[in-house]
Every structure is written in structure tokens, then in C-alpha cells.
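Colleague: Dumping the structure here so I can ask a few things about it.
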Amino acid sequence: MPMLLPALLLATALPADNIDAVVEDTGWRGTGELGFAMARGNSRSESLNTRLSFERENARRKHQLRASALRTRSDVTADFDGDGEPETRYEVTANRYDVGASTALKFDPRRYMVGAFRYENDDFSSYEYQGTASIGYGHYFLRNERTTLLTEIGPGYRRAHEIGGDVQSGVLLRGLVDFKTQLTETTTLVNTLLVEAGDDNTYAQNDFGVAVAMNAALALKAGFQTRHNTEVDDPQTRRTDTLTTINLVYTFK
């Protein structure tokens with residue numbers, strides 16, 4: 001997985017004393033994001049994206065839950081009836097949701113074993129759904145009050161249904177690099193790279209975001225997401241999707 005190598009090389013060069021020794025259990029904490037855009041006039045479009053993320057951690061365990069969704073409707077001009085005459089209809093042009101969870105058993109403040117699950121449903125991809133489950137080893141290379149850098153790697157199993165095709169299943173190798181840093185008192189930068197590499201398909205997703213806090217509970221976040229599948233059956237389906245968002249973020253404490 002070549003995309004993981006630069007982050008891993010950087011992580012191994014970081015000193016070990018950046019790991020906090022004690023983690024207090026503060027209960028479940030999380031964030032909710034919401035973004036909406038609407039256009040009217042010469043063209044029509046509506047787009048809604050949302051994301052939820054919750055986590056809980058103590059000295060021995062770490063749990064994470066997350067979900068996201070995207071739905072877009074817009075004017076589409078095409079020959080829908082096959083009569084050679086193009087017409088414009090207001091159609092759904094993006095519709096997907098993604099859920100995931102992980103739970104980890106910590107050996108010490110630096111190392112842990114993790115089990116992870118992810119399910120994705122996308123009406124406009126080569127795959128109607130993709131579901132993966134994995135176990136792996138996690139390692140904090142950097143963790144202090146301002147910055148966190150961790151990696152996870154391990155084997156797993158994938159099951160996916162091609163749209164109009166067969167159901168694929170097989171083993172995979174899952175890798176994760178998660179980086180977060182507090183640039184200023186109000187500005188946070190995050191970047192998460194996930195790779196699920198298998199014989200039938202390799203799925204990669206990178207989420208980059210910058211959040212600026214307005215108060216203790218609300219923030220504005222600009223994000224850029226890239227999703228890539230190495231194998232697609234339909235030549236008209238692109239391997240890479242990107243999503244640029246500006247969302248309102250609410251922090252649950």
C-alpha cells in the first residue's frame with residue numbers, strides 16, 4: 001500500500017515521549033456535521049451531506065462509531081425515453097451512506113489491538129454495497145495535547161455486490177493513518193487515510209479537513225474527500241470520486 005509509506009516513515013521518526021501516559025474516561029463524546037446547498041434559476045440542484053462521529057476511551061479500551069450520508073438532486077438532460085429527443089428532468093444524482101465502528105483493547109498507552117467494521121451503500125458506484133470486517137494492530141506514534149498520529153494495519157474480509165453483477169468476497173489488508181493537530185487555539189487540521197486492499201478491488205479513502213471553532217460547541221469545517229476503487233466494470237464509471245464540503249459542526253460533550 002504505497003500511500004501509507006510516507007506517513008509510516010514520518011511516524012517512526014517521531015520521539016516516543018510524545019505519548020500521554022494516562023487517559024481519563026470522560027464518557028461518550030462526538031461531533032455532528034451538516035452541510036446543505038440549493039440552487040434555483042436557470043438550473044436546479046439540492047445537496048445535503050451529514051456526518052456523525054462518537055468515541056469513548058479509557059485506560060484499557062477505545063470505541064468509535066461513525067456514519068455519513070450524501071444525497072444530491074439536480075437537473076439532468078438526456079434521452080430518457082429513447083425517442084431521440086433530449087429532455088430535462090430533476091433526478092437524484094448522488095445517493096450514498098456509510099457506517100462504521102471499531103473497538104480496541106489497549107496493551108499500554110502506545111499499542112492496542114483493534115477490530116473494525118465498515119459498510120457502504122452507493123447508488124452511483126460500480127458496487128451497490130461494500131462491507132468489510134478486520135482485526136489489526138494499532139500504534140500511537142504521537143499523542144499530546146495538540147497532536148495525534150496513529151496507524152492501524154491488519155487482515156480482514158470483504159464482501160461486495162457489483163451493480164448488475166456478481167457478489168465478490170475475499171480477504172483484504174486494511175491500513176489506516178489518522179492525523180490530527182491543533183494549529184491555533186481555534187483551528188484544527190485533520191487527515192485520515194483508509195486503504196482496504198484485496199484481490200478483486202482496492203478501496204482507498206482520504207478525508208482532509210480544517211475546522212475553525214466559533215465557540216465551545218460550534219465550528220465551521222472545510223473538507224475535501226477522495227474515494228478511489230481500482231476496479232470498475234462500467235467504462236463510464238470513474239474510479240475516483242471527490243467531495244468538497246463546508247459544514248457546520250456541533251460538538252457533543
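How things are named: the first chain in the C-alpha cells is A, the next is B, and so on; residues count from 1 in each chain; ligands count from 1 in the order shown.
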Considering only C-alpha atoms, return as a list in words whatever protein or nucleic-acid residues lie within 12 Å of Asp199 (chain A), sequence-local ones (same chain, fewer than 3 positions apart) excluded.

Modeller: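 Listed by chain and then number, they are Tyr157, Arg158, Arg159, Gln168, Ser169, Gly170, Val171, Leu172, Leu173, Glu196, Thr202, Tyr203, Thr230 and Glu231 of chain A.
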
Colleague: Limited to N, CA, C and O atoms, could you put the picked residues into a file as a PDB file, in the first residue's frame?

Modeller:
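Result written to result.pdb:
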```pdb
ATOM      1  N   TYR A 157     -11.802  -9.207   5.938  1.00  0.00           N
ATOM      2  CA  TYR A 157     -12.647  -9.898   4.950  1.00  0.00           C
ATOM      3  C   TYR A 157     -13.589  -8.888   4.324  1.00  0.00           C
ATOM      4  O   TYR A 157     -14.134  -8.014   5.018  1.00  0.00           O
ATOM      5  N   ARG A 158     -13.796  -9.015   3.033  1.00  0.00           N
ATOM      6  CA  ARG A 158     -14.621  -8.069   2.286  1.00  0.00           C
ATOM      7  C   ARG A 158     -15.689  -8.811   1.496  1.00  0.00           C
ATOM      8  O   ARG A 158     -15.427  -9.855   0.887  1.00  0.00           O
ATOM      9  N   ARG A 159     -16.900  -8.239   1.479  1.00  0.00           N
ATOM     10  CA  ARG A 159     -17.993  -8.740   0.652  1.00  0.00           C
ATOM     11  C   ARG A 159     -18.606  -7.554  -0.068  1.00  0.00           C
ATOM     12  O   ARG A 159     -18.966  -6.555   0.571  1.00  0.00           O
ATOM     13  N   GLN A 168     -18.823 -10.345  -4.797  1.00  0.00           N
ATOM     14  CA  GLN A 168     -17.416 -10.648  -4.592  1.00  0.00           C
ATOM     15  C   GLN A 168     -17.137 -10.780  -3.101  1.00  0.00           C
ATOM     16  O   GLN A 168     -17.706 -10.059  -2.280  1.00  0.00           O
ATOM     17  N   SER A 169     -16.249 -11.690  -2.756  1.00  0.00           N
ATOM     18  CA  SER A 169     -15.842 -11.837  -1.367  1.00  0.00           C
ATOM     19  C   SER A 169     -14.412 -12.349  -1.326  1.00  0.00           C
ATOM     20  O   SER A 169     -13.962 -13.042  -2.238  1.00  0.00           O
ATOM     21  N   GLY A 170     -13.701 -11.975  -0.275  1.00  0.00           N
ATOM     22  CA  GLY A 170     -12.322 -12.413  -0.151  1.00  0.00           C
ATOM     23  C   GLY A 170     -11.598 -11.653   0.947  1.00  0.00           C
ATOM     24  O   GLY A 170     -12.134 -10.730   1.554  1.00  0.00           O
ATOM     25  N   VAL A 171     -10.372 -12.065   1.188  1.00  0.00           N
ATOM     26  CA  VAL A 171      -9.573 -11.446   2.235  1.00  0.00           C
ATOM     27  C   VAL A 171      -9.000 -10.121   1.735  1.00  0.00           C
ATOM     28  O   VAL A 171      -8.915  -9.870   0.527  1.00  0.00           O
ATOM     29  N   LEU A 172      -8.640  -9.274   2.682  1.00  0.00           N
ATOM     30  CA  LEU A 172      -8.046  -7.982   2.361  1.00  0.00           C
ATOM     31  C   LEU A 172      -7.033  -7.605   3.429  1.00  0.00           C
ATOM     32  O   LEU A 172      -6.945  -8.242   4.486  1.00  0.00           O
ATOM     33  N   LEU A 173      -6.269  -6.573   3.128  1.00  0.00           N
ATOM     34  CA  LEU A 173      -5.354  -5.972   4.087  1.00  0.00           C
ATOM     35  C   LEU A 173      -5.813  -4.538   4.323  1.00  0.00           C
ATOM     36  O   LEU A 173      -5.909  -3.757   3.390  1.00  0.00           O
ATOM     37  N   GLU A 196      -8.192  -0.352   1.931  1.00  0.00           N
ATOM     38  CA  GLU A 196      -8.605  -1.747   2.037  1.00  0.00           C
ATOM     39  C   GLU A 196      -8.207  -2.441   0.742  1.00  0.00           C
ATOM     40  O   GLU A 196      -8.853  -2.272  -0.292  1.00  0.00           O
ATOM     41  N   THR A 202      -9.218  -2.671  -4.674  1.00  0.00           N
ATOM     42  CA  THR A 202      -8.593  -1.921  -3.587  1.00  0.00           C
ATOM     43  C   THR A 202      -9.340  -0.611  -3.429  1.00  0.00           C
ATOM     44  O   THR A 202      -9.455   0.170  -4.382  1.00  0.00           O
ATOM     45  N   TYR A 203      -9.860  -0.399  -2.232  1.00  0.00           N
ATOM     46  CA  TYR A 203     -10.610   0.815  -1.922  1.00  0.00           C
ATOM     47  C   TYR A 203      -9.745   1.723  -1.063  1.00  0.00           C
ATOM     48  O   TYR A 203      -9.131   1.284  -0.087  1.00  0.00           O
ATOM     49  N   THR A 230     -10.059   0.650  -7.434  1.00  0.00           N
ATOM     50  CA  THR A 230      -9.160   0.305  -8.539  1.00  0.00           C
ATOM     51  C   THR A 230      -9.879  -0.441  -9.654  1.00  0.00           C
ATOM     52  O   THR A 230      -9.433  -0.396 -10.803  1.00  0.00           O
ATOM     53  N   GLU A 231     -10.991  -1.131  -9.331  1.00  0.00           N
ATOM     54  CA  GLU A 231     -11.688  -1.929 -10.334  1.00  0.00           C
ATOM     55  C   GLU A 231     -13.112  -1.429 -10.498  1.00  0.00           C
ATOM     56  O   GLU A 231     -13.870  -1.345  -9.529  1.00  0.00           O
TER      57      GLU A 231
END
```

Colleague: Counting only C-alpha atoms, what are the residues of region 61-156 of chain A within 12 Å of region 183-193 of chain A, and for each of them which pair of atoms is the nearest and at what distance in Å, to one decimal? Sort the table by chain and rising number, as a Markdown table.

Modeller:
```
| residue | atom | partner | partner_atom | distance |
| --- | --- | --- | --- | --- |
| A:Glu145 | CA | A:Leu183 | CA | 11.5 |
| A:Arg146 | CA | A:Leu183 | CA | 7.9 |
| A:Thr147 | CA | A:Leu183 | CA | 9.0 |
| A:Thr148 | CA | A:Val190 | CA | 9.4 |
| A:Leu149 | CA | A:Asn191 | CA | 9.7 |
| A:Leu150 | CA | A:Thr192 | CA | 9.8 |
| A:Thr151 | CA | A:Leu193 | CA | 9.5 |
| A:Glu152 | CA | A:Leu193 | CA | 10.4 |
| A:Ile153 | CA | A:Leu193 | CA | 11.8 |
```

Colleague: Write the residues of the preceding selection, restricted to all heavy atoms, as a short mmCIF file (atom, residue, chain, number, x, y, z; two decimals), in the first residue's frame.

Modeller:
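Writing the result to part.cif gives the following:
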```cif
data_model
loop_
_atom_site.label_atom_id
_atom_site.label_comp_id
_atom_site.auth_asym_id
_atom_site.auth_seq_id
_atom_site.Cartn_x
_atom_site.Cartn_y
_atom_site.Cartn_z
N GLU A 145 -1.21 17.05 23.89
CA GLU A 145 -2.37 17.93 23.95
C GLU A 145 -2.72 18.57 22.62
O GLU A 145 -3.86 18.96 22.40
CB GLU A 145 -2.12 19.03 25.00
CG GLU A 145 -2.06 18.52 26.43
CD GLU A 145 -1.86 19.65 27.41
OE1 GLU A 145 -1.67 20.80 26.95
OE2 GLU A 145 -1.89 19.39 28.63
N ARG A 146 -1.77 18.66 21.71
CA ARG A 146 -2.01 19.35 20.44
C ARG A 146 -2.10 18.41 19.24
O ARG A 146 -2.82 18.71 18.28
CB ARG A 146 -0.91 20.39 20.18
CG ARG A 146 -0.83 21.48 21.24
CD ARG A 146 0.17 22.54 20.83
NE ARG A 146 -0.28 23.28 19.65
CZ ARG A 146 -1.05 24.35 19.70
NH1 ARG A 146 -1.48 24.82 20.87
NH2 ARG A 146 -1.41 24.98 18.60
N THR A 147 -1.37 17.29 19.25
CA THR A 147 -1.23 16.49 18.04
C THR A 147 -1.39 15.00 18.35
O THR A 147 -0.91 14.51 19.37
CB THR A 147 0.15 16.73 17.39
OG1 THR A 147 0.29 18.12 17.13
CG2 THR A 147 0.28 15.96 16.09
N THR A 148 -2.06 14.31 17.42
CA THR A 148 -2.20 12.86 17.49
C THR A 148 -1.88 12.25 16.13
O THR A 148 -2.36 12.74 15.10
CB THR A 148 -3.63 12.46 17.89
OG1 THR A 148 -3.95 13.02 19.16
CG2 THR A 148 -3.78 10.95 17.96
N LEU A 149 -1.07 11.21 16.13
CA LEU A 149 -0.78 10.45 14.91
C LEU A 149 -0.78 8.97 15.26
O LEU A 149 0.00 8.54 16.12
CB LEU A 149 0.57 10.85 14.32
CG LEU A 149 1.04 10.00 13.12
CD1 LEU A 149 0.07 10.13 11.95
CD2 LEU A 149 2.44 10.41 12.69
N LEU A 150 -1.68 8.21 14.62
CA LEU A 150 -1.74 6.77 14.86
C LEU A 150 -1.87 6.03 13.55
O LEU A 150 -2.31 6.59 12.53
CB LEU A 150 -2.91 6.43 15.80
CG LEU A 150 -4.35 6.62 15.30
CD1 LEU A 150 -4.87 5.42 14.51
CD2 LEU A 150 -5.28 6.90 16.47
N THR A 151 -1.49 4.76 13.57
CA THR A 151 -1.65 3.88 12.41
C THR A 151 -2.26 2.56 12.87
O THR A 151 -2.08 2.15 14.02
CB THR A 151 -0.30 3.59 11.73
OG1 THR A 151 0.56 2.89 12.64
CG2 THR A 151 0.38 4.87 11.28
N GLU A 152 -3.00 1.93 11.96
CA GLU A 152 -3.56 0.60 12.19
C GLU A 152 -3.34 -0.24 10.94
O GLU A 152 -3.44 0.25 9.82
CB GLU A 152 -5.06 0.68 12.49
CG GLU A 152 -5.41 1.41 13.76
CD GLU A 152 -6.90 1.57 13.99
OE1 GLU A 152 -7.68 1.11 13.12
OE2 GLU A 152 -7.29 2.16 15.01
N ILE A 153 -3.05 -1.52 11.14
CA ILE A 153 -2.86 -2.42 10.00
C ILE A 153 -3.21 -3.84 10.41
O ILE A 153 -2.96 -4.24 11.56
CB ILE A 153 -1.40 -2.36 9.47
CG1 ILE A 153 -1.29 -3.10 8.13
CG2 ILE A 153 -0.40 -2.87 10.50
CD1 ILE A 153 -0.01 -2.82 7.40
#
```

Colleague: Counting only C-alpha atoms, what are the residues of region 98-205 of chain A within 12 Å of region 69-90 of chain A, and for each of them which pair of atoms is the nearest and at what distance in Å, to one decimal? Sort the table by chain and rising number, as CSV.

Modeller:
```
residue,atom,partner,partner_atom,distance
A:Asp98,CA,A:Ala69,CA,6.4
A:Val99,CA,A:Ala69,CA,8.8
A:Tyr119,CA,A:Ala69,CA,12.0
A:Glu120,CA,A:Ala69,CA,9.7
A:Asn121,CA,A:Ala69,CA,9.5
A:Asp122,CA,A:Leu70,CA,9.4
A:Asp123,CA,A:Arg71,CA,10.2
A:Phe124,CA,A:Arg71,CA,10.8
```

Colleague: Save out the residues we just selected, C-alpha atoms, as an mmCIF file, in the first residue's frame.

Modeller:
```cif
data_model
loop_
_atom_site.group_PDB
_atom_site.id
_atom_site.type_symbol
_atom_site.label_atom_id
_atom_site.label_comp_id
_atom_site.auth_asym_id
_atom_site.auth_seq_id
_atom_site.Cartn_x
_atom_site.Cartn_y
_atom_site.Cartn_z
ATOM 1 C CA ASP A 98 -21.518 4.828 5.087
ATOM 2 C CA VAL A 99 -21.428 3.414 8.621
ATOM 3 C CA TYR A 119 -20.456 -0.831 5.392
ATOM 4 C CA GLU A 120 -21.081 1.420 2.397
ATOM 5 C CA ASN A 121 -24.086 1.699 0.077
ATOM 6 C CA ASP A 122 -23.722 3.828 -3.060
ATOM 7 C CA ASP A 123 -26.307 4.027 -5.857
ATOM 8 C CA PHE A 124 -23.848 5.665 -8.263
#
```

Colleague: For Val210 (chain A), which residue among A:Ile135, A:Val92, A:Leu248, A:Leu52 is the nearest when counting only C-alpha atoms?

Modeller: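 Of A:Ile135, A:Val92, A:Leu248, A:Leu52, the one nearest Val210 (chain A) is A:Leu248, counting only C-alpha atoms.
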
Colleague: When you draw a straight line from CA of Ser126 (chain A) to CA of Arg227 (chain A), how long is it in Å?

Modeller: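 Pair CA of Ser126 (chain A) / CA of Arg227 (chain A) returns 12.6 Å.
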
Colleague: Which of region 129-248 of chain A end up as strand (DSSP E or B) when DSSP is run on this backbone - answer as number ranges by chain?

Modeller: A: 129-143, 147-162, 167-182, 187-198, 202-213, 218-229, 240-248

Colleague: Rounded to one decimal, what separation in Å do you get between CA of Gly136 (chain A) and CA of Val23 (chain A)?

Modeller: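 Taking CA of Gly136 (chain A) and CA of Val23 (chain A), their separation equals 21.5 Å.
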
Colleague: How far is it from CA of Ala204 (chain A) to CA of Arg238 (chain A), in Å with one decimal?

Modeller: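 Between CA of Ala204 (chain A) and CA of Arg238 (chain A) the gap is 13.9 Å.
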
Colleague: Using only C-alpha atoms, find the one residue out of A:Arg174, A:Arg61, A:Lys253, A:Arg118 that sits nearest to Ala217 (chain A).

Modeller: A:Lys253

Colleague: Pick out the residues sitting within 10 Å of Asp25 (chain A), and hand them over as a ChimeraX atom specification; count only C-alpha atoms, and ignore anything fewer than 5 positions along from it in its own chain.

Modeller: /A:56-62

Colleague: Skip Phe36 (chain A) itself and residues of its chain fewer than 3 positions away, then list as a PyMOL selection string all residues within 8 Å of it, counting only C-alpha atoms.

Modeller: chain A and resi 46-49+247

Colleague: Between A:Val195, A:Val114, A:Leu65, A:Leu243, which has the minimum distance to Gly138 (chain A) (counting only C-alpha atoms)?

Modeller: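 The shortest atom-to-atom distance to Gly138 (chain A) comes from A:Val114.
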
Colleague: Given the choices A:Leu220, A:Glu33, A:Gly100, A:Asp207, which gets closest to Thr242 (chain A) if the distance is worked out from only C-alpha atoms?

Modeller: A:Asp207
